[in-house]
Amino acid sequence: MIARFFLGVGLCALMLVSSFGTYVYVGGRHSKVAAPAEKPTAASPRPTAFRLPGTLYLAQSGAIYSLSVGRFHQLTPEDGWMQPSLSPDGNYIVAVKRNDFYSDVYALGRFGQVVRQVTNNAGRPYDTTSQHWSFYPRLSPDGGTLWMSYDEPKYGYDALFSIWAMPIGGTIRQAKLWTNSNDYTGGDIGPIPLPTGGIMYTKYSYGPDGNRIGQLWITTRPSPYGAEGRALTFPGEDCMEPSLSPDGTQVAMICTYEKQISQLTIASWNGSSLGPRRAVITDQLVAQPAWAPDGSGIAYLAPGTGNGPFQLWFLPKDAYNPPAPSPTPVPTPTPGGPYNGPLPSPTPAPPVAPPVIKPIQITMNSGFDATSPLAWAG
Amino acid sequence: MAGTLAYFLPSAKLAWDATGQVVSIPSPTPSPASDLSSPSPSPLAQPKDAFTVLLLGSDDDDKFYAEHVLTQSMILVRVVPSTHSVTMLSIPRDLYVPLSTGGTGKIMDAYSYGGAGAAIATVQNDFGVHVNDYIWIGLLGLIKLIDAIGGIDVVTSNPVVDDLYPQDIFSSNPYGYSRVAVLPGPQHLDGIHAMQYVRSRHGDLESDIGRSKRQQQVLIAIRQKAKQVSPGDVPNIAAALGGEIKTNIGLDRVAQLIPLAASFDNPDAINSLTMSSPLIHGGCPGGSLCPNWSAILALVRQYFP
């Protein structure tokens with residue numbers, strides 16, 4: 001009788017343990033699709049396997065981070081910060097701080113401390129039409145002018161961005177409207193000040209097929225209505241997010257061809273027009289390409305594997321600008337010697353296939369803000 | 001076995017509650033396509049046969065009575081397993097049509113008058129298609145679903161800016177306004193921002209039709225992301241959707257459809273259609289859209305035979 005009692009207790013205990021074990025096992029079979037992104041500073045493995053030159057600034061979860069000598073540093077708290085951009089002398093950053101109702105441009109030190117609030121877009125509480133967005137801040141080559149996308153003028157429901165320029169030490173009242181946005185498109189965004197004066201930016205419009213498309217545009221002066229520069233890309237290419245190479249001769253951008261794809265595309269640039277496009281990455285959802293200051297490659301954001309948060313990637317220069325193949329040595333007949341007959345013709349060496357250079361994934365579990373351009377200091 | 005049961009029990013209960021909804025389809029009233037199809041429901045198709053699902057999306061915040069919501073989004077989806085192709089047709093919510101519950105009105109009203117059955121019958125009668133299944137989801141359900149699968153990757157087509165976006169989710173005042181600025185380009189969207197992207201219409205020249213295109217984009221992105229989901233994620237997803245999803249699809253059929261959905265991996269085999277001019281034009285009562293039935297039915301016959 002006692003033996004049967006202990007047997008029963010033992011079986012009950014076994015059932016409990018196995019049930020608990022099964023529960024834990026099944027619960028552990030998560031796909032991790034909903035796992036939150038890690039802070040770059042906690043990235044595992046640490047991004048020391050490949051070191052990018054200079055210092056790269058990027059945003060995640062409302063905080064700005066720098067990546068320097070293979071290590072990330074958090075510069076601001078997670079408080080709506082995004083879209084860092086460097087001053088020409090590299091001494092400070094301009095960046096956006098956004099909340100649910102408005103966003104402002106701030107000047108920050110290189111270590112993230114707020115130096116000054118540049119715009120004041122808060123408006124009146126509960127009056128959403130009095131509030132404003134400022135995005136994509138960039139400074140002119142002389143550092144004196146702030147370019148940005150700003151949602152003024154507004155026309156009721158037709159809220160959209162235009163490109164504005166204001167003195168970095170001034171107020172929005174001193175700002176000048178540079179572009180005339182197309183109604184009900186979302187407008188003009190992402191000004192890139194050009195060394196020759198003027199700006200390159202992305203203009204949204206309705207394409208011939210009625211779909212909204214992005215086009216790179218250039219303009220060299222503030223916009224009187226109807227005279228605001230010209231398009232650099234075709235509507236069907238649906239290109240956006242341009243980045244000018246350090247030597248000013250190439251533009252990297254993304255083009256979607258109106259599909260849910262995003263190809264990293266490069267074109268030569270002569271200061272007024274783009275050359276033929278070259279798609280250098282076609283199998284990733286590429287965002288925010290940025291040239292390395294030393295010309296060694298292009299950093300960009302793209303999902304790690306499958307669909308997921310955006311990681312930092314680097315495409316070495318040799319991938320899109322392969323070095324010329326080394327000439328095949330041709331044997332030269334040496335005059336003289338014991339043999340004076342005809343020389344055998346040399347067997348041509350088989351052509352050496354250039355090594356395939358693939359993009360390098362710098363982070364694994366981060367979740368960078370793909371709407372926030374990268375800033376890269378030398 | 002007991003551990004597995006305990007793990008999946010909450011999701012099984014929620015699945016039981018949400019699926020297999022019994023739909024009462026009202027008798028038809030004379031309609032543009034009444035000579036084209038039988039409105040009476042036919043047996044559900046087997047997964048190897050082509051079938052049509054009506055996706056319904058509603059604002060279900062405090063402004064509405066739970067059982068009398070409008071369907072702000074109506075998308076007919078035809079799935080052809082043999083060719084692994086999918087066709088999506090967005091029906092404008094403001095389309096002025098004969099309603100299955102009687103009279104005429106905006107098509108989004110059908111659900112509020114008679115629930116899913118009335119919405120299905122209206123679509124069947126007016127468009128001449130047979131709807132095999134329906135899935136209804138509320139605003140909060142979509143947000144939670146997208147968060148439960150870890151967000152989605154989307155190439156947003158343009159800046160979506162709206163100064164008068166309804167502040168009816170997570171708000172004590174559902175009649176207030178919020179501001180939206182979804183920036184353009186490739187990005188990873190969480191539930192809230194995906195909802196802003198598909199729901200905002202004020203800054204869109206095409207208004208409801210424009211956002212229908214964005215809704216289809218997001219649907220495709222959800223399907224793409226869902227391929228990464230494993231059985232262990234089911235309880236979390238079910239918990240997220242509790243009370244925010246309804247469907248007539250039974251659990252047995254869900255089990256048949258999941259592997260089918262996973263096998264559709266060619267984005268070019270997904271056909272996205274919306275109704276714009278000349279299929280519709282303005283000028284109908286109450287700001288509704290007038291249908292050009294001959295053009296609409298020609299399109300429907302082509303893609304929903």
# chains A, B, ... in the order shown; residues from 1 in each chain; ligands from 1
>>> closest_atom_pairs(of="chain B", to="chain A", cutoff="8 Å", atoms="only C-alpha atoms", output="CSV")
residue,atom,partner,partner_atom,distance
B:Met1,CA,A:Ser19,CA,6.7
B:Ala2,CA,A:Ser19,CA,5.3
B:Gly3,CA,A:Ser19,CA,4.1
B:Thr4,CA,A:Tyr23,CA,5.6
B:Ala6,CA,A:Tyr23,CA,7.0
B:Tyr7,CA,A:Tyr23,CA,5.8
B:Asp147,CA,A:Ala34,CA,7.0
B:Ala148,CA,A:Ala34,CA,6.0
B:Ile149,CA,A:Ala34,CA,5.3
B:Gly150,CA,A:Ala34,CA,3.6
B:Gly151,CA,A:Gly308,CA,7.3
B:Ile152,CA,A:Gly308,CA,6.8
B:Asp153,CA,A:Asn307,CA,6.1
B:Val154,CA,A:Gln260,CA,6.9
B:Val155,CA,A:Gln260,CA,5.6
B:Ser157,CA,A:Arg212,CA,6.2
B:Asn158,CA,A:Gly186,CA,6.0
B:Pro159,CA,A:Gly186,CA,4.5
B:Val160,CA,A:Gly186,CA,5.7
B:Val161,CA,A:Ala159,CA,5.8
B:Asp162,CA,A:Ala159,CA,6.0
B:Asp163,CA,A:Thr128,CA,5.7
B:Leu164,CA,A:Thr128,CA,7.1
B:Tyr177,CA,A:Thr128,CA,7.2
B:Ser178,CA,A:Thr128,CA,6.7
B:Arg179,CA,A:Phe101,CA,5.4
B:Val180,CA,A:Asp100,CA,7.4
B:Leu183,CA,A:Thr371,CA,6.4
B:Pro184,CA,A:Thr371,CA,7.1
B:Gly185,CA,A:Thr371,CA,7.0
B:Pro186,CA,A:Ala287,CA,5.9
B:Gln187,CA,A:Ala370,CA,5.1
B:His188,CA,A:Pro309,CA,5.7
B:His202,CA,A:Tyr157,CA,5.3
B:Gly203,CA,A:Tyr184,CA,5.0
B:Asp204,CA,A:Tyr184,CA,5.1
B:Leu205,CA,A:Tyr184,CA,5.2
B:Gln224,CA,A:Asn307,CA,7.6
B:Lys225,CA,A:Asn307,CA,6.0
B:Gln228,CA,A:Val33,CA,6.8
B:Val229,CA,A:Ser31,CA,5.8
B:Ser230,CA,A:Ser31,CA,5.3
B:Pro231,CA,A:Arg29,CA,7.4
B:Gly232,CA,A:His30,CA,4.6
B:Asp233,CA,A:His30,CA,5.3
>>> write_last_selection(atoms="C-alpha atoms", output="mmCIF file, in the first residue's frame")
data_model
loop_
_atom_site.group_PDB
_atom_site.id
_atom_site.type_symbol
_atom_site.label_atom_id
_atom_site.label_comp_id
_atom_site.auth_asym_id
_atom_site.auth_seq_id
_atom_site.Cartn_x
_atom_site.Cartn_y
_atom_site.Cartn_z
ATOM 1 C CA MET B 1 0.671 17.659 -23.244
ATOM 2 C CA ALA B 2 -0.623 19.526 -20.206
ATOM 3 C CA GLY B 3 2.110 22.138 -20.556
ATOM 4 C CA THR B 4 1.323 22.622 -24.248
ATOM 5 C CA ALA B 6 -1.653 25.456 -20.715
ATOM 6 C CA TYR B 7 0.545 27.496 -23.033
ATOM 7 C CA ASP B 147 3.321 45.419 -32.734
ATOM 8 C CA ALA B 148 2.854 41.736 -31.927
ATOM 9 C CA ILE B 149 4.744 40.744 -35.068
ATOM 10 C CA GLY B 150 7.492 43.245 -34.286
ATOM 11 C CA GLY B 151 6.578 45.982 -36.768
ATOM 12 C CA ILE B 152 6.714 45.998 -40.550
ATOM 13 C CA ASP B 153 9.084 47.274 -43.219
ATOM 14 C CA VAL B 154 7.451 49.663 -45.673
ATOM 15 C CA VAL B 155 8.663 52.107 -48.320
ATOM 16 C CA SER B 157 5.514 56.715 -50.795
ATOM 17 C CA ASN B 158 5.640 60.354 -49.693
ATOM 18 C CA PRO B 159 5.560 62.540 -46.568
ATOM 19 C CA VAL B 160 2.157 61.966 -44.952
ATOM 20 C CA VAL B 161 1.388 65.195 -43.121
ATOM 21 C CA ASP B 162 -1.912 65.842 -41.390
ATOM 22 C CA ASP B 163 -2.781 68.642 -38.962
ATOM 23 C CA LEU B 164 -6.279 67.293 -38.307
ATOM 24 C CA TYR B 177 -7.136 66.332 -33.167
ATOM 25 C CA SER B 178 -3.549 65.292 -33.335
ATOM 26 C CA ARG B 179 -0.764 65.929 -35.822
ATOM 27 C CA VAL B 180 0.901 63.359 -38.024
ATOM 28 C CA LEU B 183 8.384 60.783 -43.232
ATOM 29 C CA PRO B 184 8.991 59.183 -46.633
ATOM 30 C CA GLY B 185 11.197 56.309 -47.690
ATOM 31 C CA PRO B 186 12.080 52.820 -46.481
ATOM 32 C CA GLN B 187 11.504 52.402 -42.766
ATOM 33 C CA HIS B 188 10.408 50.072 -39.986
ATOM 34 C CA HIS B 202 -6.349 64.914 -45.462
ATOM 35 C CA GLY B 203 -3.033 65.517 -47.194
ATOM 36 C CA ASP B 204 -3.887 63.228 -50.077
ATOM 37 C CA LEU B 205 -5.358 64.511 -53.316
ATOM 38 C CA GLN B 224 5.591 39.362 -45.541
ATOM 39 C CA LYS B 225 6.444 39.754 -41.864
ATOM 40 C CA GLN B 228 8.774 34.969 -39.797
ATOM 41 C CA VAL B 229 6.258 34.173 -37.058
ATOM 42 C CA SER B 230 6.553 30.806 -35.287
ATOM 43 C CA PRO B 231 3.935 28.816 -33.343
ATOM 44 C CA GLY B 232 5.441 30.074 -30.086
ATOM 45 C CA ASP B 233 4.332 33.605 -31.005
#
>>> atom_distance(atom1="CA of Ala121 (chain B)", atom2="CA of Ile296 (chain B)")
17.3 Å
>>> atom_distance(atom1="CA of Tyr134 (chain B)", atom2="CA of Pro259 (chain B)")
18.8 Å
>>> select_by_dssp(residues="region 226-304 of chain B", states="alpha helix (DSSP H)", output="number ranges by chain")
B: 226, 234-241, 251-262, 293-303
>>> select_by_dssp(residues="region 95-299 of chain B", states="strand (DSSP E)", output="ChimeraX atom specification")
/B:96-98,104-106,133-138,152-156,160-166,177-182,185-189,245-247,270-274,280-284,288-291
>>> atom_distance(atom1="CA of Gly243 (chain B)", atom2="CA of Ile137 (chain B)")
9.0 Å
>>> residues_around(residues="region 70-74 of chain B", least_positions_apart="2", cutoff="9 Å", atoms="only C-alpha atoms", output="list in words")
Leu54, Leu55, Leu56, Gly57, Ser58, Asp59, Asp60, Phe64, His68, Leu76, Leu89, Ser90, Ile91, Pro92, Arg93, Asp94, Ile107, Met108, Asp109, Ala110, Tyr111, Ser112, Tyr113, Ala119, Trp136, Asp208, Ser212 and Gln215 of chain B
>>> residues_around(residues="Tyr136 (chain A)", least_positions_apart="5", cutoff="7 Å", atoms="only C-alpha atoms", output="PDB file with C-alpha atoms, in the first residue's frame")
ATOM      1  CA  GLN A  83      18.369  63.662 -38.010  1.00  0.00           C
ATOM      2  CA  MET A 148      15.411  72.632 -43.450  1.00  0.00           C
ATOM      3  CA  SER A 149      12.040  71.215 -44.430  1.00  0.00           C
ATOM      4  CA  GLY A 190      15.865  66.836 -47.442  1.00  0.00           C
TER       5      GLY A 190
END
>>> closest_residue(among="A:Tyr155, A:Phe111, A:Tyr106, A:Trp291", to="Pro246 (chain A)", atoms="only C-alpha atoms")
A:Trp291
>>> residues_around(residues="Thr83 (chain B)", least_positions_apart="2", cutoff="12 Å", atoms="only C-alpha atoms", output="list of chain:residue names")
B:Lys48, B:Asp49, B:Ala50, B:Arg78, B:Val79, B:Val80, B:Pro81, B:Ser85, B:Val86, B:Thr87, B:Leu260, B:Ser263, B:Phe264, B:Asp265, B:Asn266, B:Asp268, B:Ala269, B:Ile270
>>> residues_around(residues="Ser273 (chain A)", least_positions_apart="3", cutoff="10 Å", atoms="only C-alpha atoms", output="list in words")
Trp217, Ile218, Arg230, Ala231, Leu232, Thr233, Ala267, Ser268, Trp269 and Asn270 of chain A
>>> closest_residue(among="A:Ser66, A:Ile168, A:Glu237, A:Pro242", to="Thr202 (chain A)", atoms="only C-alpha atoms")
A:Pro242
>>> closest_residue(among="A:Val115, A:Gly236, A:Ser243, A:Leu146", to="Asp209 (chain A)", atoms="only C-alpha atoms")
A:Gly236
>>> closest_residue(among="A:Leu274, A:Ala42, A:Val105, A:Leu139", to="His73 (chain A)", atoms="only C-alpha atoms")
A:Ala42
>>> residues_around(residues="Gly105 (chain B)", least_positions_apart="6", cutoff="10 Å", atoms="only C-alpha atoms", output="list in words")
Asp94, Leu95, Tyr96, Val97, Pro98, Leu99, Cys284, Pro285, Gly286 and Ser288 of chain B
